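Student: Here it is: the structure, laid out below.
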Amino acid sequence: MLNNLTNIFAKKANNLGIEINSQKINITQIAKQGQHYKLIKNVSANIPDGVYEDGQIVDTLTLSELIKDTLKANKISAKKVSTAVPMREVIIRVIPLPAELDEAELKDMVLVHEAGMHLPYPREEVDLDYAKLGYFMDEDGIEKVNVLLVATKKEVTDLYIEIFKQADLEIKVLEINSFALIRTIREQLRSFGSKEAVVLVDLEFDSTEIAIVVEGVPQFSRTVPIGTYQMRAAFSQAMNLPATGGTEILHDIDVLDGIGDLGDIDPSEIESGQTALLKILGELTEELSRSINFYINQSEDLEIAQLLLAGPGAGINQVDEFFTQKLNLPTMKVDPIATLGLDISQDIALKHRPGLGIVLGLGIRED
């Protein structure tokens, strides 16, 4: 354990997974049966107004009570949880170091010297963890080891500890949401080679998290302030619909065809809504293109092999085809149920499955 950013790379026993985002909390319990997983519980609850402000948690007590009430209502009695902080709150660096360092020297090098060079905050203000990734020979023929450094400000980890303490829960694992998502799709990622990068796009409520992943490790990460909230707001405004409500309406229209099950709404209004939605998706496409080009321009002998869509926004009809056309990259939606071979007793619609990638990754977390 390194301060409060706890054991993010460890591997063992199952526990309760709880994902918090600005739209809802997602809770999952998964049992491991041999080499297979069975979904025991999968529940969620909407976040009340006032809990979040400008993307930040400002009312921890209401959030804690919501977690406590949701667990009670669904007869979930576990007391230890795995949870995650958003990628935008985290600094991730891959650092090459001399392979000859022993464990004590490596720890000192990473936590003292390298942390000071790579972090924009004083060392005493952050929680850190690190892991060795693999050895390689540099251009001078010297053996090196790549080390993954992960850091978040203490005020962020302290906030999450406070939330779960108020909910009478103990955080067993606190990690990064992109790591949980990568854990969910790790078998899928193993099909790509060491020279093939995967763009993992997590379309959340108020933002989109972009991670470029090589051999299961995020090499580049960025958060863009465009999510399903902005899409729904533009869509609703164009159609003179109320601005309130969830983003489910986005699942009822085909992005490219402009058709869907919207009841008695005039087709011309649907077309106006589609145009507004495509404008927001176009802005997101531009940000994705910038991120990809920035990374590729700094990386030798790497190609972008696939774009994977996750998060609730990935449930929008034809959004994968849209990105394929605009970015000229093969794009597919993540189906964490199928990827994990998860045994489920309740039917989970395909449009809702991409939004479960993070919480399922927390649910299968082994420490």
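Chain labels A, B, ... are given in the sequence in which chains occur in the structure tokens; within each chain residues are numbered consecutively from 1, and ligands are likewise numbered from 1 in the order shown.
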When you look at A:Val213 with a cut-off of 9 Å (counting only C-alpha atoms), what residues show up, excluding the ones that are within fewer than 3 positions of it in the same chain? I need them as a PyMOL selection string.

Tutor: chain A and resi 182+189+196-200+216-221

Student: Just the selected residues (C-alpha atoms), exported as a tab-separated table (two decimals), in the first residue's frame, please.

Tutor:
chain	number	residue	atom	x	y	z
A	182	ILE	CA	-9.15	-2.28	-19.38
A	189	LEU	CA	-6.90	-6.37	-25.97
A	196	GLU	CA	-0.78	-2.00	-32.48
A	197	ALA	CA	-2.42	0.73	-30.41
A	198	VAL	CA	-6.09	0.67	-29.40
A	199	VAL	CA	-8.03	3.88	-28.79
A	200	LEU	CA	-10.36	3.29	-25.85
A	216	GLY	CA	-3.00	-3.44	-22.08
A	217	VAL	CA	-1.26	-0.31	-20.73
A	218	PRO	CA	-2.55	3.25	-21.26
A	219	GLN	CA	0.24	5.20	-22.95
A	220	PHE	CA	-1.73	8.41	-23.41
A	221	SER	CA	-4.86	9.71	-21.71

Student: Residues of stretch 41-139 of chain A that approach stretch 156-170 of chain A to 9 Å or less, counting only C-alpha atoms: could you list each one with the shortest pair of atoms and its distance in Å to one decimal, rows by chain and increasing residue number, as a Markdown table?

Tutor:
| residue | atom | partner | partner_atom | distance |
| --- | --- | --- | --- | --- |
| A:Ile57 | CA | A:Leu159 | CA | 8.6 |
| A:Thr60 | CA | A:Ile163 | CA | 5.5 |
| A:Leu61 | CA | A:Gln166 | CA | 6.9 |
| A:Leu63 | CA | A:Ile163 | CA | 7.1 |
| A:Ser64 | CA | A:Ala167 | CA | 4.8 |
| A:Glu65 | CA | A:Ala167 | CA | 6.2 |
| A:Leu66 | CA | A:Ala167 | CA | 8.4 |
| A:Ile67 | CA | A:Ala167 | CA | 6.5 |
| A:Lys68 | CA | A:Ala167 | CA | 5.3 |
| A:Asp69 | CA | A:Ala167 | CA | 8.9 |
| A:Ala78 | CA | A:Leu169 | CA | 8.2 |
| A:Lys79 | CA | A:Leu169 | CA | 5.0 |
| A:Lys80 | CA | A:Glu170 | CA | 4.8 |
| A:Val81 | CA | A:Glu170 | CA | 6.3 |
| A:Ser82 | CA | A:Glu170 | CA | 8.9 |
| A:Thr83 | CA | A:Tyr160 | CA | 8.7 |
| A:Ala84 | CA | A:Tyr160 | CA | 8.7 |
| A:Val85 | CA | A:Thr157 | CA | 7.9 |
| A:Glu89 | CA | A:Val156 | CA | 7.5 |
| A:Val126 | CA | A:Thr157 | CA | 8.9 |
| A:Asp127 | CA | A:Thr157 | CA | 7.7 |

Student: Give the strand (DSSP E or B) residues of stretch 91-325 of chain A, as assigned by DSSP on the backbone, as a VMD selection string.

Tutor: chain A and resid 91 to 98 126 to 137 143 to 153 170 to 176 196 to 203 208 to 214 217 to 224 253 to 254 260 303 to 310 317

Student: Mind checking DSSP for stretch 57-291 of chain A and telling me the helix (DSSP H, G or I) residues as a PyMOL selection string?

Tutor: chain A and resi 60-73+87-89+103-118+123-125+154-166+177-184+186-189+228-238+248-252+267-291

Student: With distances taken over only C-alpha atoms, which of A:Val359, A:Ala104, A:Ala151, A:Ile364 is nearest to A:Glu125?

Tutor: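 Closest to A:Glu125 of all the choices is A:Ala151.
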
Student: Choose the residue, out of A:Val150, A:Val90, A:Ile292, A:Leu342, that has the smallest atom-to-atom separation from A:Gln35; count only C-alpha atoms.

Tutor: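 Of all the options, A:Leu342 lies closest to A:Gln35.
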
Student: Looking at A:Val224, A:Val201, A:Val147, A:Ile280, which one is nearest to A:Met332, with distances taken over only C-alpha atoms?

Tutor: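 Among the listed residues, the smallest separation from A:Met332 belongs to A:Val201.
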
Student: Give me, as a PyMOL selection string, all polymer residues having an atom no more than 9 Å from stretch 106-120 of chain A, counting only C-alpha atoms and skipping those fewer than 2 positions away in the same chain.

Tutor: chain A and resi 91+93+95+97-99+101-104+122-123+126+128-130+147+149+151

Student: Using only C-alpha atoms for the distances, tell me which of A:Thr275, A:Gln306, A:Gln56, A:Thr208 is nearest to A:Ala238.

Tutor: A:Thr275

Student: A:Ala234: which residues within 9 Å, counting only C-alpha atoms, same-chain residues fewer than 2 positions away excluded, as a PyMOL selection string?

Tutor: chain A and resi 229-232+236-239+243+273+276-277+279-280

Student: For A:Asn328, please output as number ranges by chain all residues within 12 Å (counting only C-alpha atoms; exclusion window: fewer than 3 positions along the same chain).

Tutor: A: 285, 288-289, 304-307, 320-325, 331

Student: Write the selection just made, keeping C-alpha atoms, as a compact mmCIF listing (two decimals), in the first residue's frame?

Tutor:
# COMPACT_ATOMS: atom_id res chain seq x y z
CA THR A 285 -14.53 13.44 -33.54
CA LEU A 288 -10.38 12.29 -30.98
CA SER A 289 -8.48 13.01 -34.17
CA ILE A 304 -3.84 2.57 -34.56
CA ALA A 305 -5.53 -0.78 -35.02
CA GLN A 306 -8.95 -0.28 -33.45
CA LEU A 307 -11.23 2.20 -31.73
CA ASP A 320 -19.70 3.15 -34.01
CA GLU A 321 -20.44 3.44 -37.72
CA PHE A 322 -20.22 7.23 -37.41
CA PHE A 323 -16.71 7.13 -35.97
CA THR A 324 -15.63 4.50 -38.50
CA GLN A 325 -16.66 6.82 -41.32
CA THR A 331 -14.71 1.00 -34.54

Student: One decimal, in Å: what's the spacing between atom CA of A:Val173 and atom CA of A:Ile344?

Tutor: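 Between these atoms lies a distance of 24.5 Å.
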
Student: Excluding stretch 202-204 of chain A and any residue of its chain fewer than 2 positions from it, enumerate the residues within 10 Å of it, using only C-alpha atoms, and give them as a VMD selection string.

Tutor: chain A and resid 21 to 23 177 to 178 181 199 to 200 206 to 211 223 to 229 284 308 to 315 334 354 to 355 357 to 358

Student: Please produce a file of the residues just selected, as a PDB file, in the first residue's frame, where the atoms kept are C-alpha atoms.

Tutor:
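selection-v2.pdb was written with the following content:
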ATOM      1  CA  ASN A  21     -20.163   9.150 -11.950  1.00  0.00           C
ATOM      2  CA  SER A  22     -22.046  12.411 -12.246  1.00  0.00           C
ATOM      3  CA  GLN A  23     -25.206  10.710 -13.512  1.00  0.00           C
ATOM      4  CA  ASN A 177     -11.728   3.921 -13.881  1.00  0.00           C
ATOM      5  CA  SER A 178      -9.816   3.357 -17.140  1.00  0.00           C
ATOM      6  CA  LEU A 181     -12.390  -0.833 -17.983  1.00  0.00           C
ATOM      7  CA  VAL A 199      -8.026   3.877 -28.788  1.00  0.00           C
ATOM      8  CA  LEU A 200     -10.358   3.287 -25.855  1.00  0.00           C
ATOM      9  CA  ASP A 206     -20.477  14.967 -18.909  1.00  0.00           C
ATOM     10  CA  SER A 207     -17.177  14.025 -20.543  1.00  0.00           C
ATOM     11  CA  THR A 208     -15.372  11.517 -22.728  1.00  0.00           C
ATOM     12  CA  GLU A 209     -12.227   9.809 -21.504  1.00  0.00           C
ATOM     13  CA  ILE A 210      -9.723   8.838 -24.195  1.00  0.00           C
ATOM     14  CA  ALA A 211      -6.975   6.313 -23.523  1.00  0.00           C
ATOM     15  CA  THR A 223     -10.494  13.907 -20.916  1.00  0.00           C
ATOM     16  CA  VAL A 224     -12.708  15.908 -23.294  1.00  0.00           C
ATOM     17  CA  PRO A 225     -15.670  17.888 -21.845  1.00  0.00           C
ATOM     18  CA  ILE A 226     -18.197  16.378 -24.273  1.00  0.00           C
ATOM     19  CA  GLY A 227     -20.552  13.650 -23.098  1.00  0.00           C
ATOM     20  CA  THR A 228     -24.107  12.384 -23.423  1.00  0.00           C
ATOM     21  CA  TYR A 229     -25.412  15.370 -21.453  1.00  0.00           C
ATOM     22  CA  LEU A 284     -15.941  14.994 -30.369  1.00  0.00           C
ATOM     23  CA  LEU A 308     -13.271   0.678 -28.901  1.00  0.00           C
ATOM     24  CA  LEU A 309     -16.351   2.484 -27.589  1.00  0.00           C
ATOM     25  CA  ALA A 310     -17.459   2.121 -23.976  1.00  0.00           C
ATOM     26  CA  GLY A 311     -19.638   4.031 -21.529  1.00  0.00           C
ATOM     27  CA  PRO A 312     -23.351   4.886 -21.720  1.00  0.00           C
ATOM     28  CA  GLY A 313     -22.831   6.967 -24.866  1.00  0.00           C
ATOM     29  CA  ALA A 314     -21.674   3.881 -26.751  1.00  0.00           C
ATOM     30  CA  GLY A 315     -25.276   2.666 -26.574  1.00  0.00           C
ATOM     31  CA  VAL A 334     -17.548  -2.907 -26.087  1.00  0.00           C
ATOM     32  CA  PRO A 354     -21.152  -0.712 -22.927  1.00  0.00           C
ATOM     33  CA  GLY A 355     -21.957   1.393 -19.857  1.00  0.00           C
ATOM     34  CA  GLY A 357     -17.443  -1.834 -18.456  1.00  0.00           C
ATOM     35  CA  ILE A 358     -16.056   0.065 -15.467  1.00  0.00           C
TER      36      ILE A 358
END

Student: Could you tell me how far atom CA of A:Ala131 lies from atom CA of A:Asn146, in Å and to one decimal?

Tutor: 8.6 Å

Student: Taking only C-alpha atoms into account, name the residue in A:Glu300, A:Glu215, A:Glu286, A:Asp257 that is nearest to A:Gly134.

Tutor: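 Smallest distance to A:Gly134 is found for A:Glu215.
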
Student: Skipping near chain neighbours, those fewer than 5 positions away, what residues fall within 12 Å of A:Asp347 using only C-alpha atoms, listed as a ChimeraX atom specification?

Tutor: /A:39,42,337,342,352-353

Student: I need the chosen residues saved as a compact mmCIF listing (two decimals), in the first residue's frame, with all heavy atoms.

Tutor:
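In the end it all went to selection-v5.txt:
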# COMPACT_ATOMS: atom_id res chain seq x y z
N LEU A 39 -22.74 -13.07 -12.55
CA LEU A 39 -23.25 -11.79 -12.06
C LEU A 39 -24.32 -12.04 -11.01
O LEU A 39 -25.38 -12.60 -11.31
CB LEU A 39 -23.82 -10.98 -13.22
CG LEU A 39 -24.32 -9.57 -12.89
CD1 LEU A 39 -23.19 -8.69 -12.38
CD2 LEU A 39 -24.98 -8.93 -14.11
N ASN A 42 -26.63 -6.48 -10.04
CA ASN A 42 -26.28 -5.37 -10.93
C ASN A 42 -27.36 -4.31 -10.78
O ASN A 42 -28.46 -4.45 -11.31
CB ASN A 42 -26.18 -5.84 -12.38
CG ASN A 42 -25.92 -4.70 -13.34
OD1 ASN A 42 -25.02 -3.90 -13.12
ND2 ASN A 42 -26.73 -4.60 -14.39
N ILE A 337 -20.31 -7.96 -21.12
CA ILE A 337 -20.96 -9.22 -20.75
C ILE A 337 -20.38 -10.36 -21.59
O ILE A 337 -19.98 -11.41 -21.08
CB ILE A 337 -22.48 -9.14 -20.94
CG1 ILE A 337 -23.09 -7.96 -20.16
CG2 ILE A 337 -23.13 -10.46 -20.53
CD1 ILE A 337 -22.99 -8.08 -18.68
N LEU A 342 -19.70 -13.59 -19.08
CA LEU A 342 -20.38 -13.47 -17.79
C LEU A 342 -21.71 -14.23 -17.78
O LEU A 342 -22.54 -14.08 -18.69
CB LEU A 342 -20.62 -11.99 -17.49
CG LEU A 342 -20.93 -11.57 -16.06
CD1 LEU A 342 -19.79 -11.94 -15.12
CD2 LEU A 342 -21.18 -10.07 -16.00
N HIS A 352 -27.33 -1.09 -23.26
CA HIS A 352 -26.89 -0.74 -21.91
C HIS A 352 -25.56 -1.39 -21.53
O HIS A 352 -24.94 -0.98 -20.55
CB HIS A 352 -27.96 -1.15 -20.89
CG HIS A 352 -29.24 -0.38 -21.02
ND1 HIS A 352 -30.49 -0.95 -20.86
CD2 HIS A 352 -29.47 0.93 -21.31
CE1 HIS A 352 -31.42 -0.04 -21.04
NE2 HIS A 352 -30.82 1.10 -21.31
N ARG A 353 -25.14 -2.37 -22.27
CA ARG A 353 -23.94 -3.13 -21.89
C ARG A 353 -22.65 -2.32 -21.92
O ARG A 353 -21.82 -2.46 -21.01
CB ARG A 353 -23.83 -4.38 -22.77
CG ARG A 353 -24.94 -5.39 -22.50
CD ARG A 353 -24.71 -6.68 -23.26
NE ARG A 353 -25.74 -7.68 -22.94
CZ ARG A 353 -25.66 -8.95 -23.27
NH1 ARG A 353 -24.60 -9.40 -23.94
NH2 ARG A 353 -26.63 -9.78 -22.94

Student: Quick check, in Å to one decimal: how far apart do atom CA of A:Thr247 and atom CA of A:Phe179 lie?

Tutor: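 Going from atom CA of A:Thr247 over to atom CA of A:Phe179, I get 25.3 Å.
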